[in-house]
file model_25.cif (mmCIF, N, CA, C and O atoms)
data_data
#
loop_
_atom_site.label_atom_id
_atom_site.label_comp_id
_atom_site.auth_asym_id
_atom_site.auth_seq_id
_atom_site.Cartn_x
_atom_site.Cartn_y
_atom_site.Cartn_z
N MET A 1 9.14 8.21 -10.05
CA MET A 1 8.34 7.49 -9.06
C MET A 1 7.48 6.46 -9.80
O MET A 1 6.91 6.74 -10.83
N SER A 2 7.40 5.28 -9.23
CA SER A 2 6.63 4.21 -9.87
C SER A 2 5.48 3.80 -8.95
O SER A 2 5.51 2.74 -8.35
N LEU A 3 4.52 4.68 -8.86
CA LEU A 3 3.38 4.46 -7.97
C LEU A 3 2.16 4.18 -8.81
O LEU A 3 1.80 4.95 -9.68
N SER A 4 1.51 3.04 -8.58
CA SER A 4 0.31 2.68 -9.32
C SER A 4 -0.91 3.27 -8.63
O SER A 4 -0.99 3.28 -7.41
N VAL A 5 -1.85 3.75 -9.43
CA VAL A 5 -3.12 4.24 -8.91
C VAL A 5 -4.15 3.15 -9.17
O VAL A 5 -4.34 2.72 -10.30
N LEU A 6 -4.80 2.71 -8.10
CA LEU A 6 -5.74 1.59 -8.21
C LEU A 6 -7.18 2.05 -8.22
O LEU A 6 -7.51 3.12 -7.72
N SER A 7 -8.02 1.17 -8.78
CA SER A 7 -9.46 1.39 -8.82
C SER A 7 -10.15 0.04 -8.57
O SER A 7 -9.48 -0.99 -8.54
N ASP A 8 -11.46 0.07 -8.43
CA ASP A 8 -12.19 -1.19 -8.31
C ASP A 8 -11.95 -2.06 -9.55
O ASP A 8 -11.88 -3.28 -9.47
N GLN A 9 -11.80 -1.42 -10.71
CA GLN A 9 -11.67 -2.13 -11.97
C GLN A 9 -10.31 -2.79 -12.15
O GLN A 9 -10.21 -3.86 -12.74
N ASN A 10 -9.23 -2.16 -11.69
CA ASN A 10 -7.90 -2.71 -11.97
C ASN A 10 -7.23 -3.37 -10.76
O ASN A 10 -6.12 -3.86 -10.86
N PHE A 11 -7.91 -3.41 -9.62
CA PHE A 11 -7.28 -3.94 -8.40
C PHE A 11 -6.83 -5.40 -8.58
O PHE A 11 -5.69 -5.74 -8.25
N ALA A 12 -7.69 -6.25 -9.10
CA ALA A 12 -7.34 -7.67 -9.25
C ALA A 12 -6.14 -7.85 -10.16
O ALA A 12 -5.20 -8.59 -9.82
N SER A 13 -6.11 -7.16 -11.30
CA SER A 13 -5.00 -7.34 -12.23
C SER A 13 -3.70 -6.72 -11.71
O SER A 13 -2.62 -7.28 -11.90
N GLU A 14 -3.78 -5.59 -11.03
CA GLU A 14 -2.59 -4.90 -10.54
C GLU A 14 -2.03 -5.50 -9.25
O GLU A 14 -0.82 -5.45 -9.02
N VAL A 15 -2.91 -6.02 -8.39
CA VAL A 15 -2.48 -6.47 -7.07
C VAL A 15 -2.56 -7.99 -6.92
O VAL A 15 -1.57 -8.65 -6.65
N LEU A 16 -3.75 -8.53 -7.11
CA LEU A 16 -3.95 -9.96 -6.84
C LEU A 16 -3.22 -10.85 -7.83
O LEU A 16 -2.81 -11.96 -7.49
N SER A 17 -3.03 -10.37 -9.06
CA SER A 17 -2.33 -11.16 -10.09
C SER A 17 -0.86 -10.81 -10.21
O SER A 17 -0.16 -11.35 -11.06
N SER A 18 -0.37 -9.91 -9.36
CA SER A 18 1.02 -9.45 -9.45
C SER A 18 1.99 -10.54 -9.01
O SER A 18 1.79 -11.19 -7.98
N SER A 19 3.06 -10.72 -9.80
CA SER A 19 4.09 -11.69 -9.42
C SER A 19 5.05 -11.07 -8.40
O SER A 19 5.81 -11.77 -7.75
N THR A 20 4.99 -9.76 -8.26
CA THR A 20 5.81 -9.02 -7.30
C THR A 20 4.97 -8.71 -6.07
O THR A 20 3.78 -8.41 -6.20
N PRO A 21 5.55 -8.74 -4.86
CA PRO A 21 4.79 -8.30 -3.69
C PRO A 21 4.29 -6.87 -3.88
O PRO A 21 4.93 -6.07 -4.58
N VAL A 22 3.15 -6.57 -3.28
CA VAL A 22 2.51 -5.26 -3.47
C VAL A 22 2.18 -4.64 -2.12
O VAL A 22 1.68 -5.31 -1.22
N MET A 23 2.45 -3.34 -2.00
CA MET A 23 2.04 -2.55 -0.84
C MET A 23 0.96 -1.60 -1.32
O MET A 23 1.18 -0.82 -2.25
N VAL A 24 -0.23 -1.68 -0.71
CA VAL A 24 -1.34 -0.82 -1.11
C VAL A 24 -1.68 0.14 0.02
O VAL A 24 -1.98 -0.29 1.14
N ASP A 25 -1.62 1.43 -0.29
CA ASP A 25 -1.98 2.49 0.65
C ASP A 25 -3.44 2.86 0.39
O ASP A 25 -3.75 3.46 -0.63
N PHE A 26 -4.33 2.47 1.30
CA PHE A 26 -5.74 2.85 1.23
C PHE A 26 -5.86 4.22 1.91
O PHE A 26 -5.50 4.35 3.09
N PHE A 27 -6.36 5.22 1.17
CA PHE A 27 -6.39 6.57 1.70
C PHE A 27 -7.66 7.30 1.31
O PHE A 27 -8.46 6.81 0.52
N SER A 28 -7.82 8.49 1.89
CA SER A 28 -8.90 9.39 1.53
C SER A 28 -8.30 10.78 1.36
O SER A 28 -7.37 11.15 2.09
N THR A 29 -8.83 11.54 0.43
CA THR A 29 -8.30 12.88 0.19
C THR A 29 -8.59 13.83 1.36
O THR A 29 -7.96 14.87 1.49
N HIS A 30 -9.54 13.47 2.22
CA HIS A 30 -9.92 14.34 3.34
C HIS A 30 -9.21 13.97 4.64
O HIS A 30 -9.55 14.47 5.69
N CYS A 31 -8.23 13.10 4.56
CA CYS A 31 -7.57 12.54 5.75
C CYS A 31 -6.18 13.16 5.93
O CYS A 31 -5.30 12.95 5.10
N ALA A 32 -6.00 13.92 7.01
CA ALA A 32 -4.70 14.56 7.27
C ALA A 32 -3.57 13.55 7.47
O ALA A 32 -2.49 13.73 6.89
N PRO A 33 -3.76 12.46 8.25
CA PRO A 33 -2.68 11.47 8.37
C PRO A 33 -2.33 10.83 7.01
O PRO A 33 -1.17 10.50 6.77
N CYS A 34 -3.32 10.67 6.15
CA CYS A 34 -3.06 10.12 4.81
C CYS A 34 -2.13 11.04 4.03
O CYS A 34 -1.22 10.58 3.34
N LYS A 35 -2.38 12.35 4.15
CA LYS A 35 -1.53 13.33 3.45
C LYS A 35 -0.12 13.30 4.00
O LYS A 35 0.85 13.46 3.25
N ALA A 36 0.02 13.10 5.31
CA ALA A 36 1.35 13.02 5.92
C ALA A 36 2.09 11.76 5.47
O ALA A 36 3.32 11.76 5.34
N LEU A 37 1.35 10.68 5.24
CA LEU A 37 1.95 9.41 4.84
C LEU A 37 2.36 9.40 3.37
O LEU A 37 3.30 8.70 2.98
N SER A 38 1.71 10.20 2.56
CA SER A 38 1.91 10.17 1.11
C SER A 38 3.37 10.32 0.67
O SER A 38 3.83 9.53 -0.16
N PRO A 39 4.14 11.29 1.18
CA PRO A 39 5.54 11.39 0.73
C PRO A 39 6.39 10.18 1.13
O PRO A 39 7.31 9.81 0.41
N ILE A 40 6.05 9.54 2.24
CA ILE A 40 6.76 8.33 2.66
C ILE A 40 6.48 7.21 1.66
O ILE A 40 7.39 6.52 1.20
N VAL A 41 5.21 7.05 1.29
CA VAL A 41 4.82 6.02 0.33
C VAL A 41 5.52 6.26 -1.01
O VAL A 41 6.02 5.33 -1.64
N GLU A 42 5.59 7.51 -1.44
CA GLU A 42 6.25 7.84 -2.70
C GLU A 42 7.74 7.51 -2.65
O GLU A 42 8.31 6.97 -3.60
N ARG A 43 8.39 7.80 -1.52
CA ARG A 43 9.82 7.46 -1.36
C ARG A 43 10.02 5.95 -1.41
O ARG A 43 10.96 5.46 -2.04
N LEU A 44 9.15 5.21 -0.74
CA LEU A 44 9.26 3.75 -0.73
C LEU A 44 9.08 3.19 -2.14
O LEU A 44 9.78 2.25 -2.54
N ALA A 45 8.16 3.77 -2.91
CA ALA A 45 7.94 3.33 -4.30
C ALA A 45 9.22 3.48 -5.11
O ALA A 45 9.58 2.59 -5.89
N THR A 46 9.92 4.58 -4.91
CA THR A 46 11.17 4.82 -5.63
C THR A 46 12.27 3.89 -5.14
O THR A 46 12.96 3.24 -5.94
N ASP A 47 12.42 3.78 -3.83
CA ASP A 47 13.52 3.00 -3.26
C ASP A 47 13.40 1.50 -3.49
O ASP A 47 14.41 0.81 -3.58
N TYR A 48 12.17 0.99 -3.58
CA TYR A 48 11.97 -0.45 -3.74
C TYR A 48 11.54 -0.83 -5.16
O TYR A 48 11.11 -1.95 -5.39
N LYS A 49 11.69 0.09 -6.09
CA LYS A 49 11.29 -0.16 -7.48
C LYS A 49 11.93 -1.44 -8.00
O LYS A 49 13.11 -1.68 -7.81
N GLY A 50 11.09 -2.29 -8.62
CA GLY A 50 11.57 -3.55 -9.16
C GLY A 50 11.47 -4.71 -8.18
O GLY A 50 11.48 -5.86 -8.59
N ARG A 51 11.39 -4.40 -6.89
CA ARG A 51 11.30 -5.46 -5.87
C ARG A 51 9.95 -5.46 -5.18
O ARG A 51 9.55 -6.46 -4.59
N LEU A 52 9.25 -4.32 -5.22
CA LEU A 52 7.96 -4.15 -4.57
C LEU A 52 7.12 -3.20 -5.41
O LEU A 52 7.60 -2.13 -5.78
N LYS A 53 5.91 -3.60 -5.70
CA LYS A 53 4.98 -2.69 -6.38
C LYS A 53 4.29 -1.89 -5.28
O LYS A 53 3.82 -2.46 -4.30
N VAL A 54 4.28 -0.57 -5.44
CA VAL A 54 3.63 0.30 -4.46
C VAL A 54 2.46 0.98 -5.15
O VAL A 54 2.60 1.52 -6.26
N ALA A 55 1.30 0.91 -4.50
CA ALA A 55 0.09 1.44 -5.12
C ALA A 55 -0.75 2.18 -4.09
O ALA A 55 -0.64 1.94 -2.89
N LYS A 56 -1.60 3.08 -4.59
CA LYS A 56 -2.52 3.84 -3.74
C LYS A 56 -3.94 3.61 -4.23
O LYS A 56 -4.18 3.52 -5.42
N LEU A 57 -4.86 3.51 -3.27
CA LEU A 57 -6.26 3.34 -3.61
C LEU A 57 -7.09 4.32 -2.78
O LEU A 57 -7.07 4.26 -1.55
N ASN A 58 -7.75 5.24 -3.47
CA ASN A 58 -8.62 6.21 -2.82
C ASN A 58 -9.94 5.50 -2.50
O ASN A 58 -10.66 5.09 -3.42
N ILE A 59 -10.24 5.34 -1.21
CA ILE A 59 -11.43 4.57 -0.83
C ILE A 59 -12.73 5.23 -1.28
O ILE A 59 -13.74 4.56 -1.41
N GLU A 60 -12.69 6.53 -1.53
CA GLU A 60 -13.89 7.23 -2.01
C GLU A 60 -14.17 6.87 -3.47
O GLU A 60 -15.31 6.83 -3.89
N ASP A 61 -13.10 6.61 -4.23
CA ASP A 61 -13.23 6.27 -5.64
C ASP A 61 -13.37 4.77 -5.87
O ASP A 61 -13.73 4.35 -6.97
N ALA A 62 -13.02 3.96 -4.87
CA ALA A 62 -13.05 2.50 -5.03
C ALA A 62 -13.69 1.85 -3.80
O ALA A 62 -13.04 1.07 -3.09
N PRO A 63 -14.96 2.15 -3.55
CA PRO A 63 -15.61 1.64 -2.34
C PRO A 63 -15.75 0.11 -2.31
O PRO A 63 -15.70 -0.48 -1.23
N GLN A 64 -15.91 -0.52 -3.47
CA GLN A 64 -16.06 -1.98 -3.50
C GLN A 64 -14.81 -2.67 -2.96
O GLN A 64 -14.91 -3.58 -2.14
N THR A 65 -13.66 -2.23 -3.43
CA THR A 65 -12.40 -2.85 -3.00
C THR A 65 -12.15 -2.57 -1.52
O THR A 65 -11.73 -3.46 -0.78
N ALA A 66 -12.41 -1.34 -1.08
CA ALA A 66 -12.22 -1.00 0.33
C ALA A 66 -13.10 -1.90 1.22
O ALA A 66 -12.65 -2.42 2.23
N THR A 67 -14.33 -2.11 0.80
CA THR A 67 -15.25 -2.97 1.55
C THR A 67 -14.79 -4.42 1.51
O THR A 67 -14.80 -5.11 2.53
N GLN A 68 -14.35 -4.88 0.35
CA GLN A 68 -13.89 -6.26 0.18
C GLN A 68 -12.76 -6.59 1.16
O GLN A 68 -12.69 -7.70 1.67
N PHE A 69 -11.88 -5.63 1.42
CA PHE A 69 -10.75 -5.88 2.30
C PHE A 69 -10.96 -5.33 3.71
O PHE A 69 -10.01 -5.27 4.50
N GLY A 70 -12.18 -4.95 4.03
CA GLY A 70 -12.52 -4.55 5.39
C GLY A 70 -11.87 -3.27 5.86
O GLY A 70 -11.58 -3.12 7.05
N ILE A 71 -11.63 -2.34 4.94
CA ILE A 71 -11.00 -1.08 5.32
C ILE A 71 -12.04 -0.22 6.04
O ILE A 71 -13.03 0.19 5.46
N ARG A 72 -11.79 0.04 7.31
CA ARG A 72 -12.73 0.82 8.12
C ARG A 72 -12.16 2.16 8.55
O ARG A 72 -12.88 3.02 9.03
N ALA A 73 -10.85 2.31 8.42
CA ALA A 73 -10.18 3.56 8.80
C ALA A 73 -9.01 3.78 7.84
O ALA A 73 -8.43 2.82 7.33
N VAL A 74 -8.69 5.03 7.64
CA VAL A 74 -7.53 5.36 6.80
C VAL A 74 -6.60 6.27 7.60
O VAL A 74 -7.07 6.99 8.48
N PRO A 75 -5.31 6.21 7.33
CA PRO A 75 -4.69 5.33 6.34
C PRO A 75 -4.59 3.88 6.85
O PRO A 75 -4.41 3.65 8.03
N THR A 76 -4.74 2.97 5.91
CA THR A 76 -4.48 1.56 6.13
C THR A 76 -3.59 1.08 4.99
O THR A 76 -3.86 1.40 3.83
N ILE A 77 -2.56 0.35 5.34
CA ILE A 77 -1.68 -0.23 4.32
C ILE A 77 -1.82 -1.75 4.41
O ILE A 77 -1.73 -2.32 5.49
N LEU A 78 -2.06 -2.36 3.26
CA LEU A 78 -2.08 -3.83 3.18
C LEU A 78 -0.91 -4.26 2.30
O LEU A 78 -0.64 -3.65 1.27
N PHE A 79 -0.25 -5.32 2.73
CA PHE A 79 0.83 -5.92 1.95
C PHE A 79 0.31 -7.22 1.37
O PHE A 79 -0.28 -8.03 2.08
N PHE A 80 0.51 -7.40 0.06
CA PHE A 80 0.05 -8.59 -0.65
C PHE A 80 1.24 -9.36 -1.19
O PHE A 80 2.20 -8.77 -1.68
N LYS A 81 1.13 -10.68 -1.12
CA LYS A 81 2.14 -11.56 -1.72
C LYS A 81 1.40 -12.77 -2.23
O LYS A 81 0.59 -13.36 -1.51
N GLY A 82 1.64 -13.10 -3.48
CA GLY A 82 0.97 -14.26 -4.07
C GLY A 82 -0.55 -14.09 -4.13
O GLY A 82 -1.28 -15.06 -4.03
N GLY A 83 -1.00 -12.85 -4.26
CA GLY A 83 -2.43 -12.59 -4.38
C GLY A 83 -3.19 -12.57 -3.07
O GLY A 83 -4.41 -12.44 -3.06
N ARG A 84 -2.48 -12.68 -1.95
CA ARG A 84 -3.13 -12.68 -0.64
C ARG A 84 -2.61 -11.54 0.23
O ARG A 84 -1.41 -11.25 0.21
N ALA A 85 -3.50 -10.96 1.03
CA ALA A 85 -3.08 -9.95 2.01
C ALA A 85 -2.33 -10.68 3.13
O ALA A 85 -2.87 -11.61 3.72
N VAL A 86 -1.08 -10.29 3.38
CA VAL A 86 -0.25 -10.99 4.36
C VAL A 86 0.14 -10.13 5.56
O VAL A 86 0.65 -10.64 6.55
N ASP A 87 -0.10 -8.82 5.48
CA ASP A 87 0.24 -7.93 6.60
C ASP A 87 -0.59 -6.67 6.48
O ASP A 87 -0.96 -6.26 5.38
N THR A 88 -0.87 -6.05 7.63
CA THR A 88 -1.69 -4.84 7.68
C THR A 88 -1.04 -3.83 8.60
O THR A 88 -0.55 -4.19 9.68
N VAL A 89 -1.05 -2.58 8.18
CA VAL A 89 -0.60 -1.47 9.03
C VAL A 89 -1.76 -0.49 9.13
O VAL A 89 -2.24 0.02 8.11
N LEU A 90 -2.21 -0.24 10.35
CA LEU A 90 -3.31 0.69 10.58
C LEU A 90 -2.76 2.02 11.09
O LEU A 90 -1.92 2.04 11.98
N GLY A 91 -3.24 3.11 10.51
CA GLY A 91 -2.84 4.44 10.98
C GLY A 91 -1.51 4.88 10.41
O GLY A 91 -0.88 4.19 9.61
N LEU A 92 -1.11 6.06 10.83
CA LEU A 92 0.12 6.68 10.35
C LEU A 92 1.31 6.05 11.05
O LEU A 92 1.41 6.09 12.27
N LYS A 93 2.19 5.44 10.28
CA LYS A 93 3.41 4.83 10.82
C LYS A 93 4.62 5.51 10.19
O LYS A 93 4.54 6.08 9.11
N GLY A 94 5.74 5.40 10.87
CA GLY A 94 6.96 6.00 10.38
C GLY A 94 7.59 5.20 9.26
O GLY A 94 7.31 4.00 9.08
N GLU A 95 8.47 5.85 8.53
CA GLU A 95 9.14 5.22 7.40
C GLU A 95 9.97 4.01 7.84
O GLU A 95 9.99 2.98 7.16
N ARG A 96 10.64 4.11 8.98
CA ARG A 96 11.48 3.01 9.47
C ARG A 96 10.65 1.74 9.69
O ARG A 96 11.04 0.65 9.30
N ASP A 97 9.47 1.90 10.31
CA ASP A 97 8.59 0.76 10.57
C ASP A 97 8.12 0.13 9.25
O ASP A 97 8.11 -1.09 9.10
N LEU A 98 7.76 0.97 8.28
CA LEU A 98 7.31 0.45 6.99
C LEU A 98 8.44 -0.28 6.26
O LEU A 98 8.23 -1.34 5.68
N ARG A 99 9.65 0.29 6.29
CA ARG A 99 10.79 -0.37 5.64
C ARG A 99 11.06 -1.74 6.27
O ARG A 99 11.39 -2.70 5.57
N LYS A 100 10.93 -1.82 7.58
CA LYS A 100 11.16 -3.09 8.29
C LYS A 100 10.15 -4.14 7.81
O LYS A 100 10.51 -5.29 7.52
N ARG A 101 8.90 -3.74 7.68
CA ARG A 101 7.86 -4.67 7.22
C ARG A 101 8.10 -5.08 5.76
O ARG A 101 7.92 -6.24 5.40
N ILE A 102 8.50 -4.12 4.93
CA ILE A 102 8.78 -4.42 3.53
C ILE A 102 9.94 -5.39 3.41
O ILE A 102 9.89 -6.37 2.67
N ASP A 103 11.01 -5.13 4.17
CA ASP A 103 12.18 -6.02 4.11
C ASP A 103 11.83 -7.43 4.56
O ASP A 103 12.35 -8.41 4.02
N GLN A 104 10.94 -7.56 5.54
CA GLN A 104 10.49 -8.89 5.97
C GLN A 104 9.69 -9.56 4.85
O GLN A 104 9.79 -10.76 4.63
N LEU A 105 8.90 -8.77 4.13
CA LEU A 105 8.05 -9.29 3.06
C LEU A 105 8.87 -9.76 1.87
O LEU A 105 8.65 -10.83 1.32
N ILE A 106 9.82 -8.93 1.45
CA ILE A 106 10.55 -9.23 0.21
C ILE A 106 11.92 -9.83 0.46
O ILE A 106 12.58 -10.26 -0.47
N GLY A 107 12.37 -9.83 1.70
CA GLY A 107 13.72 -10.27 2.01
C GLY A 107 14.65 -9.08 1.93
O GLY A 107 14.55 -8.27 1.01
N SER A 108 15.50 -8.93 2.91
CA SER A 108 16.41 -7.78 2.96
C SER A 108 17.34 -7.78 1.78
O SER A 108 17.76 -8.84 1.31
N PRO A 109 17.72 -6.59 1.30
CA PRO A 109 18.68 -6.51 0.20
C PRO A 109 20.04 -7.08 0.63
O PRO A 109 20.41 -6.99 1.79
N ALA A 110 20.74 -7.63 -0.30
CA ALA A 110 22.05 -8.26 0.00
C ALA A 110 23.07 -7.22 0.39
O ALA A 110 23.02 -6.10 -0.01
#

call {"tool": "encode", "arguments": {"input": "model_25.cif", "output": "structure tokens"}}
result
Amino acid sequence: MSLSVLSDQNFASEVLSSSTPVMVDFFSTHCAPCKALSPIVERLATDYKGRLKVAKLNIEDAPQTATQFGIRAVPTILFFKGGRAVDTVLGLKGERDLRKRIDQLIGSPA
């Protein structure tokens, strides 16, 4: 699995400076829907390796970044391309919906 763990300190270098599109899962350890989403995020990290960077950010450990991007509820997924947030998913969504958004972001596989 190629899942990056983000912090306030490494967010800019890992996400904003990434040449690859990035999917960031903003979560909390006390959030049941976040726990349900976690295996889906891990599967996506494996399946899209090399085409999409997948990362997780615990909002309790990185409050500055969560505030910077207006995260008010978890789970929230932000998709970044070229250093900018280009799509947002609020709440627990299914794997099919997330794959559809990822394919739109990176272009469907040939």

call {"tool": "select_by_dssp", "arguments": {"input": "model_25.cif", "residues": "chain A", "states": "strand (DSSP E or B)", "output": "PyMOL selection string"}}
result
chain A and resi 3-6+22-27+53-58+76-81+84-90

call {"tool": "residues_around", "arguments": {"input": "model_25.cif", "residues": "segment 88-91 of chain A", "least_positions_apart": "3", "cutoff": "8 Å", "atoms": "only C-alpha atoms", "output": "number ranges by chain"}}
result
A: 33, 73-79, 85

call {"tool": "select_by_dssp", "arguments": {"input": "model_25.cif", "residues": "chain A", "states": "alpha helix (DSSP H)", "output": "ChimeraX atom specification"}}
result
/A:11,32-47,63-68,95-106

call {"tool": "write_last_selection", "arguments": {"input": "model_25.cif", "atoms": "N, CA, C and O atoms", "output": "CSV table (one decimal), keeping the file's coordinate frame"}}
result
chain,number,residue,atom,x,y,z
A,11,PHE,N,-7.9,-3.4,-9.6
A,11,PHE,CA,-7.3,-3.9,-8.4
A,11,PHE,C,-6.8,-5.4,-8.6
A,11,PHE,O,-5.7,-5.7,-8.2
A,32,ALA,N,-6.0,13.9,7.0
A,32,ALA,CA,-4.7,14.6,7.3
A,32,ALA,C,-3.6,13.6,7.5
A,32,ALA,O,-2.5,13.7,6.9
A,33,PRO,N,-3.8,12.5,8.2
A,33,PRO,CA,-2.7,11.5,8.4
A,33,PRO,C,-2.3,10.8,7.0
A,33,PRO,O,-1.2,10.5,6.8
A,34,CYS,N,-3.3,10.7,6.2
A,34,CYS,CA,-3.1,10.1,4.8
A,34,CYS,C,-2.1,11.0,4.0
A,34,CYS,O,-1.2,10.6,3.3
A,35,LYS,N,-2.4,12.4,4.2
A,35,LYS,CA,-1.5,13.3,3.4
A,35,LYS,C,-0.1,13.3,4.0
A,35,LYS,O,0.8,13.5,3.2
A,36,ALA,N,0.0,13.1,5.3
A,36,ALA,CA,1.4,13.0,5.9
A,36,ALA,C,2.1,11.8,5.5
A,36,ALA,O,3.3,11.8,5.3
A,37,LEU,N,1.4,10.7,5.2
A,37,LEU,CA,2.0,9.4,4.8
A,37,LEU,C,2.4,9.4,3.4
A,37,LEU,O,3.3,8.7,3.0
A,38,SER,N,1.7,10.2,2.6
A,38,SER,CA,1.9,10.2,1.1
A,38,SER,C,3.4,10.3,0.7
A,38,SER,O,3.8,9.5,-0.2
A,39,PRO,N,4.1,11.3,1.2
A,39,PRO,CA,5.5,11.4,0.7
A,39,PRO,C,6.4,10.2,1.1
A,39,PRO,O,7.3,9.8,0.4
A,40,ILE,N,6.0,9.5,2.2
A,40,ILE,CA,6.8,8.3,2.7
A,40,ILE,C,6.5,7.2,1.7
A,40,ILE,O,7.4,6.5,1.2
A,41,VAL,N,5.2,7.0,1.3
A,41,VAL,CA,4.8,6.0,0.3
A,41,VAL,C,5.5,6.3,-1.0
A,41,VAL,O,6.0,5.3,-1.6
A,42,GLU,N,5.6,7.5,-1.4
A,42,GLU,CA,6.2,7.8,-2.7
A,42,GLU,C,7.7,7.5,-2.6
A,42,GLU,O,8.3,7.0,-3.6
A,43,ARG,N,8.4,7.8,-1.5
A,43,ARG,CA,9.8,7.5,-1.4
A,43,ARG,C,10.0,6.0,-1.4
A,43,ARG,O,11.0,5.5,-2.0
A,44,LEU,N,9.2,5.2,-0.7
A,44,LEU,CA,9.3,3.8,-0.7
A,44,LEU,C,9.1,3.2,-2.1
A,44,LEU,O,9.8,2.2,-2.5
A,45,ALA,N,8.2,3.8,-2.9
A,45,ALA,CA,7.9,3.3,-4.3
A,45,ALA,C,9.2,3.5,-5.1
A,45,ALA,O,9.6,2.6,-5.9
A,46,THR,N,9.9,4.6,-4.9
A,46,THR,CA,11.2,4.8,-5.6
A,46,THR,C,12.3,3.9,-5.1
A,46,THR,O,13.0,3.2,-5.9
A,47,ASP,N,12.4,3.8,-3.8
A,47,ASP,CA,13.5,3.0,-3.3
A,47,ASP,C,13.4,1.5,-3.5
A,47,ASP,O,14.4,0.8,-3.6
A,63,PRO,N,-15.0,2.2,-3.6
A,63,PRO,CA,-15.6,1.6,-2.3
A,63,PRO,C,-15.8,0.1,-2.3
A,63,PRO,O,-15.7,-0.5,-1.2
A,64,GLN,N,-15.9,-0.5,-3.5
A,64,GLN,CA,-16.1,-2.0,-3.5
A,64,GLN,C,-14.8,-2.7,-3.0
A,64,GLN,O,-14.9,-3.6,-2.1
A,65,THR,N,-13.7,-2.2,-3.4
A,65,THR,CA,-12.4,-2.8,-3.0
A,65,THR,C,-12.2,-2.6,-1.5
A,65,THR,O,-11.7,-3.5,-0.8
A,66,ALA,N,-12.4,-1.3,-1.1
A,66,ALA,CA,-12.2,-1.0,0.3
A,66,ALA,C,-13.1,-1.9,1.2
A,66,ALA,O,-12.6,-2.4,2.2
A,67,THR,N,-14.3,-2.1,0.8
A,67,THR,CA,-15.2,-3.0,1.6
A,67,THR,C,-14.8,-4.4,1.5
A,67,THR,O,-14.8,-5.1,2.5
A,68,GLN,N,-14.4,-4.9,0.4
A,68,GLN,CA,-13.9,-6.3,0.2
A,68,GLN,C,-12.8,-6.6,1.2
A,68,GLN,O,-12.7,-7.7,1.7
A,95,GLU,N,8.5,5.8,8.5
A,95,GLU,CA,9.1,5.2,7.4
A,95,GLU,C,10.0,4.0,7.8
A,95,GLU,O,10.0,3.0,7.2
A,96,ARG,N,10.6,4.1,9.0
A,96,ARG,CA,11.5,3.0,9.5
A,96,ARG,C,10.6,1.7,9.7
A,96,ARG,O,11.0,0.6,9.3
A,97,ASP,N,9.5,1.9,10.3
A,97,ASP,CA,8.6,0.8,10.6
A,97,ASP,C,8.1,0.1,9.2
A,97,ASP,O,8.1,-1.1,9.1
A,98,LEU,N,7.8,1.0,8.3
A,98,LEU,CA,7.3,0.4,7.0
A,98,LEU,C,8.4,-0.3,6.3
A,98,LEU,O,8.2,-1.3,5.7
A,99,ARG,N,9.6,0.3,6.3
A,99,ARG,CA,10.8,-0.4,5.6
A,99,ARG,C,11.1,-1.7,6.3
A,99,ARG,O,11.4,-2.7,5.6
A,100,LYS,N,10.9,-1.8,7.6
A,100,LYS,CA,11.2,-3.1,8.3
A,100,LYS,C,10.2,-4.1,7.8
A,100,LYS,O,10.5,-5.3,7.5
A,101,ARG,N,8.9,-3.7,7.7
A,101,ARG,CA,7.9,-4.7,7.2
A,101,ARG,C,8.1,-5.1,5.8
A,101,ARG,O,7.9,-6.2,5.4
A,102,ILE,N,8.5,-4.1,4.9
A,102,ILE,CA,8.8,-4.4,3.5
A,102,ILE,C,9.9,-5.4,3.4
A,102,ILE,O,9.9,-6.4,2.7
A,103,ASP,N,11.0,-5.1,4.2
A,103,ASP,CA,12.2,-6.0,4.1
A,103,ASP,C,11.8,-7.4,4.6
A,103,ASP,O,12.4,-8.4,4.0
A,104,GLN,N,10.9,-7.6,5.5
A,104,GLN,CA,10.5,-8.9,6.0
A,104,GLN,C,9.7,-9.6,4.8
A,104,GLN,O,9.8,-10.8,4.6
A,105,LEU,N,8.9,-8.8,4.1
A,105,LEU,CA,8.0,-9.3,3.1
A,105,LEU,C,8.9,-9.8,1.9
A,105,LEU,O,8.6,-10.8,1.3
A,106,ILE,N,9.8,-8.9,1.4
A,106,ILE,CA,10.6,-9.2,0.2
A,106,ILE,C,11.9,-9.8,0.5
A,106,ILE,O,12.6,-10.3,-0.5

call {"tool": "resolve_selection", "arguments": {"input": "model_25.cif", "expression": "the PyMOL selection byres ((chain A and resi 52-65) around 5)", "output": "ChimeraX atom specification"}}
result
/A:2-6,8,21-27,48-51,66-69

call {"tool": "closest_residue", "arguments": {"input": "model_25.cif", "among": "A:Lys35, A:Lys81, A:Lys100, A:Arg72", "to": "Ser19 of chain A", "atoms": "only N, CA, C and O atoms"}}
result
A:Lys81

call {"tool": "closest_residue", "arguments": {"input": "model_25.cif", "among": "A:Asp103, A:Gly70, A:Glu95, A:Ser13", "to": "Pro39 of chain A", "atoms": "only C-alpha atoms"}}
result
A:Glu95

call {"tool": "atom_distance", "arguments": {"input": "model_25.cif", "atom1": "atom O of Ile102 of chain A", "atom2": "atom O of His30 of chain A"}}
result
28.7 Å

call {"tool": "atom_distance", "arguments": {"input": "model_25.cif", "atom1": "atom O of Ala12 of chain A", "atom2": "atom N of Cys34 of chain A"}}
result
25.1 Å

call {"tool": "atom_distance", "arguments": {"input": "model_25.cif", "atom1": "atom CA of Thr20 of chain A", "atom2": "atom CA of Asp97 of chain A"}}
result
20.6 Å

call {"tool": "closest_residue", "arguments": {"input": "model_25.cif", "among": "A:Ile40, A:Arg84, A:Thr46, A:Ile71", "to": "Ser17 of chain A", "atoms": "all atoms listed in the file"}}
result
A:Arg84
